[in-house]
$ cat my_file-v1.cif   # mmCIF, C-alpha atoms
data_protein
#
loop_
_atom_site.group_PDB
_atom_site.id
_atom_site.type_symbol
_atom_site.label_atom_id
_atom_site.label_comp_id
_atom_site.auth_asym_id
_atom_site.auth_seq_id
_atom_site.Cartn_x
_atom_site.Cartn_y
_atom_site.Cartn_z
ATOM 1 C CA VAL A 1 -17.288 -8.525 -18.640
ATOM 2 C CA ASP A 2 -17.044 -4.723 -18.827
ATOM 3 C CA ILE A 3 -15.147 -4.494 -15.538
ATOM 4 C CA PHE A 4 -12.230 -6.769 -16.461
ATOM 5 C CA PRO A 5 -10.440 -4.351 -18.829
ATOM 6 C CA LEU A 6 -10.732 -1.564 -16.237
ATOM 7 C CA LEU A 7 -9.630 -3.847 -13.413
ATOM 8 C CA ASN A 8 -6.637 -5.042 -15.450
ATOM 9 C CA GLN A 9 -5.651 -1.427 -16.161
ATOM 10 C CA PHE A 10 -5.918 -0.697 -12.437
ATOM 11 C CA LEU A 11 -3.861 -3.795 -11.496
ATOM 12 C CA GLY A 12 -1.249 -3.016 -14.146
ATOM 13 C CA ALA A 13 -0.791 0.435 -12.625
ATOM 14 C CA MET A 14 -0.046 -1.225 -9.290
ATOM 15 C CA ILE A 15 2.127 -4.064 -10.590
ATOM 16 C CA LYS A 16 4.520 -1.919 -12.648
ATOM 17 C CA PRO A 17 5.957 0.091 -9.711
ATOM 18 C CA VAL A 18 6.506 -3.153 -7.784
ATOM 19 C CA ALA A 19 8.651 -4.529 -10.616
ATOM 20 C CA VAL A 20 10.495 -1.222 -11.143
ATOM 21 C CA HIS A 21 11.400 -1.119 -7.443
ATOM 22 C CA ASN A 22 12.639 -4.729 -7.176
ATOM 23 C CA GLY A 23 9.534 -6.149 -5.550
ATOM 24 C CA LEU A 24 7.762 -9.421 -6.199
ATOM 25 C CA ILE A 25 4.005 -9.847 -6.524
ATOM 26 C CA ASP A 26 2.934 -12.377 -3.894
ATOM 27 C CA LYS A 27 -0.711 -12.434 -4.948
ATOM 28 C CA ILE A 28 -3.537 -10.541 -6.582
ATOM 29 C CA ILE A 29 -6.623 -10.534 -4.396
ATOM 30 C CA GLY A 30 -9.538 -9.109 -6.372
ATOM 31 C CA ASP A 31 -8.613 -5.472 -6.876
ATOM 32 C CA ALA A 32 -5.646 -5.607 -4.474
ATOM 33 C CA VAL A 33 -1.988 -6.487 -4.947
ATOM 34 C CA MET A 34 0.218 -7.939 -2.230
ATOM 35 C CA ALA A 35 3.900 -7.380 -2.926
ATOM 36 C CA VAL A 36 7.100 -8.405 -1.158
ATOM 37 C CA PHE A 37 10.339 -6.436 -1.129
ATOM 38 C CA GLY A 38 13.776 -7.340 0.155
ATOM 39 C CA LEU A 39 13.977 -10.958 -0.941
ATOM 40 C CA ASN A 40 17.046 -10.211 -3.047
ATOM 41 C CA ASP A 41 18.598 -7.991 -0.327
ATOM 42 C CA ASN A 42 19.724 -5.405 -2.882
ATOM 43 C CA GLY A 43 19.584 -1.808 -1.736
ATOM 44 C CA ASN A 44 17.120 -0.172 0.613
ATOM 45 C CA TYR A 45 14.066 -2.420 0.196
ATOM 46 C CA LYS A 46 12.021 -0.423 2.713
ATOM 47 C CA ALA A 47 12.459 2.788 0.729
ATOM 48 C CA GLU A 48 11.794 0.852 -2.496
ATOM 49 C CA ALA A 49 8.492 -0.452 -1.097
ATOM 50 C CA ILE A 50 7.401 3.034 -0.030
ATOM 51 C CA GLN A 51 8.371 4.538 -3.392
ATOM 52 C CA ALA A 52 6.459 1.784 -5.205
ATOM 53 C CA GLY A 53 3.387 2.560 -3.062
ATOM 54 C CA ILE A 54 3.619 6.270 -3.857
ATOM 55 C CA GLU A 55 3.928 5.525 -7.574
ATOM 56 C CA MET A 56 0.926 3.170 -7.378
ATOM 57 C CA ILE A 57 -1.226 5.939 -5.945
ATOM 58 C CA GLU A 58 -0.046 8.401 -8.597
ATOM 59 C CA ALA A 59 -0.683 5.954 -11.471
ATOM 60 C CA VAL A 60 -4.132 4.927 -10.236
ATOM 61 C CA SER A 61 -5.024 8.595 -9.729
ATOM 62 C CA GLU A 62 -4.150 9.290 -13.382
ATOM 63 C CA ILE A 63 -6.401 6.425 -14.510
ATOM 64 C CA ALA A 64 -9.231 7.687 -12.290
ATOM 65 C CA ASP A 65 -8.842 11.207 -13.743
ATOM 66 C CA GLN A 66 -9.067 9.804 -17.284
ATOM 67 C CA ILE A 67 -12.199 7.856 -16.369
ATOM 68 C CA ARG A 68 -13.843 10.915 -14.816
ATOM 69 C CA GLU A 69 -12.952 13.041 -17.872
ATOM 70 C CA SER A 70 -14.449 10.421 -20.187
ATOM 71 C CA GLY A 71 -17.758 10.629 -18.322
ATOM 72 C CA ILE A 72 -17.811 6.899 -17.527
ATOM 73 C CA ALA A 73 -17.788 7.578 -13.788
ATOM 74 C CA ASN A 74 -17.500 10.426 -11.327
ATOM 75 C CA GLU A 75 -16.232 11.278 -7.845
ATOM 76 C CA SER A 76 -13.850 8.826 -6.160
ATOM 77 C CA VAL A 77 -13.481 6.025 -8.687
ATOM 78 C CA MET A 78 -10.602 3.717 -7.794
ATOM 79 C CA GLY A 79 -9.361 5.439 -4.653
ATOM 80 C CA LEU A 80 -6.230 3.489 -3.802
ATOM 81 C CA GLY A 81 -4.890 3.205 -0.263
ATOM 82 C CA VAL A 82 -1.500 1.582 0.403
ATOM 83 C CA GLY A 83 -0.038 -0.017 3.541
ATOM 84 C CA VAL A 84 3.662 -0.760 4.047
ATOM 85 C CA ALA A 85 5.274 -2.609 6.953
ATOM 86 C CA SER A 86 8.660 -4.263 7.227
ATOM 87 C CA GLY A 87 10.275 -6.850 9.420
ATOM 88 C CA GLN A 88 10.803 -10.563 9.655
ATOM 89 C CA VAL A 89 8.366 -12.813 7.805
ATOM 90 C CA ALA A 90 8.188 -16.499 6.974
ATOM 91 C CA VAL A 91 8.727 -17.190 3.271
ATOM 92 C CA GLY A 92 7.756 -20.455 1.646
ATOM 93 C CA VAL A 93 5.414 -22.508 -0.494
ATOM 94 C CA LEU A 94 1.917 -23.145 0.836
ATOM 95 C CA GLY A 95 -0.731 -25.544 -0.382
ATOM 96 C CA GLY A 96 -1.384 -29.177 -1.075
ATOM 97 C CA ASP A 97 -1.167 -31.715 -3.870
ATOM 98 C CA ARG A 98 -3.583 -29.863 -6.170
ATOM 99 C CA ARG A 99 -2.399 -26.283 -5.709
ATOM 100 C CA ARG A 100 0.682 -24.703 -4.230
ATOM 101 C CA SER A 101 1.916 -21.130 -4.239
ATOM 102 C CA PHE A 102 4.728 -18.997 -2.920
ATOM 103 C CA SER A 103 3.725 -16.783 -0.010
ATOM 104 C CA VAL A 104 4.906 -14.768 2.952
ATOM 105 C CA ILE A 105 3.196 -14.914 6.332
ATOM 106 C CA GLY A 106 3.683 -13.326 9.723
ATOM 107 C CA HIS A 107 2.876 -10.355 11.933
ATOM 108 C CA ARG A 108 4.448 -7.797 9.567
ATOM 109 C CA VAL A 109 2.333 -9.089 6.659
ATOM 110 C CA ASN A 110 -0.766 -8.705 8.831
ATOM 111 C CA LEU A 111 0.338 -5.208 9.874
ATOM 112 C CA ALA A 112 0.767 -4.130 6.243
ATOM 113 C CA SER A 113 -2.706 -5.484 5.472
ATOM 114 C CA ARG A 114 -4.233 -3.629 8.432
ATOM 115 C CA LEU A 115 -2.499 -0.393 7.378
ATOM 116 C CA GLU A 116 -3.803 -0.819 3.832
ATOM 117 C CA GLY A 117 -7.289 -1.374 5.226
ATOM 118 C CA GLN A 118 -7.111 1.886 7.191
ATOM 119 C CA ALA A 119 -5.580 3.953 4.368
ATOM 120 C CA ARG A 120 -7.982 6.433 2.837
ATOM 121 C CA PRO A 121 -8.144 6.954 -0.931
ATOM 122 C CA GLY A 122 -4.841 8.461 -2.050
ATOM 123 C CA GLU A 123 -3.058 7.733 1.250
ATOM 124 C CA ILE A 124 -0.034 5.605 2.044
ATOM 125 C CA LEU A 125 0.315 4.423 5.637
ATOM 126 C CA VAL A 126 3.783 3.213 6.609
ATOM 127 C CA ASP A 127 5.007 1.639 9.828
ATOM 128 C CA VAL A 128 7.636 3.740 11.592
ATOM 129 C CA ALA A 129 10.438 1.184 11.055
ATOM 130 C CA SER A 130 9.955 1.362 7.281
ATOM 131 C CA TRP A 131 9.588 5.148 7.222
ATOM 132 C CA GLU A 132 12.869 5.599 9.103
ATOM 133 C CA ALA A 133 14.651 3.975 6.128
ATOM 134 C CA MET A 134 13.486 6.708 3.730
ATOM 135 C CA ASN A 135 16.201 8.986 2.429
ATOM 136 C CA ASP A 136 13.818 11.613 1.058
ATOM 137 C CA SER A 137 13.151 14.412 3.540
ATOM 138 C CA ASN A 138 11.065 16.238 0.895
ATOM 139 C CA LEU A 139 8.170 13.854 1.475
ATOM 140 C CA ASN A 140 5.894 15.320 4.096
ATOM 141 C CA PHE A 141 4.795 12.300 6.159
ATOM 142 C CA ASN A 142 2.765 12.883 9.315
ATOM 143 C CA LEU A 143 2.861 10.733 12.444
ATOM 144 C CA THR A 144 -0.445 9.294 13.612
ATOM 145 C CA ASP A 145 -1.641 6.574 15.966
ATOM 146 C CA LEU A 146 -4.037 4.004 14.540
ATOM 147 C CA TRP A 147 -6.274 1.469 16.229
ATOM 148 C CA LEU A 148 -5.927 -1.636 14.089
ATOM 149 C CA LYS A 149 -8.071 -4.766 14.171
ATOM 150 C CA GLY A 150 -6.594 -7.530 16.293
ATOM 151 C CA LEU A 151 -4.206 -5.261 18.215
ATOM 152 C CA THR A 152 -4.726 -4.138 21.797
ATOM 153 C CA ARG A 153 -3.060 -0.714 21.588
ATOM 154 C CA PRO A 154 -2.644 2.007 18.974
ATOM 155 C CA VAL A 155 0.118 1.584 16.405
ATOM 156 C CA PRO A 156 2.207 4.587 15.356
ATOM 157 C CA ALA A 157 2.243 5.019 11.585
ATOM 158 C CA MET A 158 3.362 7.604 9.063
ATOM 159 C CA SER A 159 0.709 9.026 6.736
ATOM 160 C CA TYR A 160 1.296 10.635 3.340
ATOM 161 C CA PHE A 161 -0.958 11.773 0.475
ATOM 162 C CA PRO A 162 1.286 11.870 -2.642
ATOM 163 C CA ILE A 163 -1.197 13.563 -4.968
ATOM 164 C CA ARG A 164 -2.391 16.335 -2.674
ATOM 165 C CA SER A 165 -1.485 19.751 -3.974
ATOM 166 C CA ASP A 166 -1.454 21.543 -0.617
ATOM 167 C CA SER A 167 1.933 21.943 1.058
ATOM 168 C CA SER A 168 0.908 20.761 4.517
ATOM 169 C CA ASN A 169 -0.348 17.314 3.470
ATOM 170 C CA ALA A 170 -1.781 17.060 6.968
ATOM 171 C CA VAL A 171 -5.191 15.517 7.537
ATOM 172 C CA PRO A 172 -6.084 14.485 11.069
ATOM 173 C CA LEU A 173 -6.935 10.809 11.388
ATOM 174 C CA VAL A 174 -9.756 9.657 13.595
ATOM 175 C CA PRO A 175 -8.673 6.345 15.106
ATOM 176 C CA GLU A 176 -11.102 3.450 14.899
ATOM 177 C CA LYS A 177 -11.752 1.473 18.026
ATOM 178 C CA ALA A 178 -9.899 -1.835 18.191
ATOM 179 C CA VAL A 179 -12.072 -4.853 17.497
#

$ encode --input "my_file-v1.cif" --output "structure tokens"
Amino acid sequence: VDIFPLLNQFLGAMIKPVAVHNGLIDKIIGDAVMAVFGLNDNGNYKAEAIQAGIEMIEAVSEIADQIRESGIANESVMGLGVGVASGQVAVGVLGGDRRRSFSVIGHRVNLASRLEGQARPGEILVDVASWEAMNDSNLNFNLTDLWLKGLTRPVPAMSYFPIRSDSSNAVPLVPEKAV
């Protein structure tokens, strides 16, 4: 019972940037949010998705700081990692007679999920195709190769830590072996 208010605060911090940046929440999975961008084809949906991810990390970091200051918890409470991938997906309604829901499926959805799974607390991992759509050269993304589950070769991705105070923003990634 005590966790639900905190979890809802955490989820609200992730949902708001999605709405602000013209995304749609596909589903909430425990403490995770899956969002879709580009369904309305207005503007640069790839850049919107990345900006929403950055704002999610910033908002969750503020909540975590408040929690640490209150003494409720310490260290890395609510370390959010974000994954963004873009490309063609299948969009539709899934389910049966008793329950149906809107969803997106496909390789790019799986890639975004794998990137999110590899992202460290405070990190956004973006596929190169999405990153190339960014118009903000002030963001210091770093290229890395990641071994992702279910793939037979490393995937190039762009890494960024929005709340780091150092100017380099560079942290070497140690690739995990493909499973």

$ closest_residue --input "my_file-v1.cif" --among "A:Gly12, A:Gly96, A:Gly53, A:Gly117" --to "A:Pro162" --atoms "only C-alpha atoms"
A:Gly53

$ resolve_selection --input "my_file-v1.cif" --expression "the PyMOL selection byres ((chain A and resi 14-31) around 9)" --output "JSON, numbers by chain"
{"A": [7, 8, 9, 10, 11, 12, 13, 32, 33, 34, 35, 36, 37, 38, 39, 40, 42, 45, 48, 49, 51, 52, 53, 54, 55, 56, 57, 59, 60, 101, 102, 103, 104]}

$ atom_distance --input "my_file-v1.cif" --atom1 "atom CA of A:Lys149" --atom2 "atom CA of A:Lys46"
23.5 Å

$ residues_around --input "my_file-v1.cif" --residues "A:Ser130" --least-positions-apart "2" --cutoff "10 Å" --atoms "all atoms listed in the file" --output "list in words"
Asn44, Tyr45, Lys46, Ala47, Glu48, Ala49, Ile50, Val84, Ala85, Ser86, Gly87, Val126, Asp127, Val128, Glu132, Ala133, Met134, Ala157 and Met158 of chain A

$ closest_residue --input "my_file-v1.cif" --among "A:Glu58, A:Arg164, A:Gly83, A:Ala90" --to "A:His107" --atoms "only C-alpha atoms"
A:Ala90

$ atom_distance --input "my_file-v1.cif" --atom1 "atom CA of A:Leu80" --atom2 "atom CA of A:Pro156"
21.0 Å

$ atom_distance --input "my_file-v1.cif" --atom1 "atom CA of A:Gln118" --atom2 "atom CA of A:Phe4"
25.7 Å

$ residues_around --input "my_file-v1.cif" --residues "A:Glu123" --least-positions-apart "4" --cutoff "7 Å" --atoms "all atoms listed in the file" --output "number ranges by chain"
A: 81-82, 119, 159-161
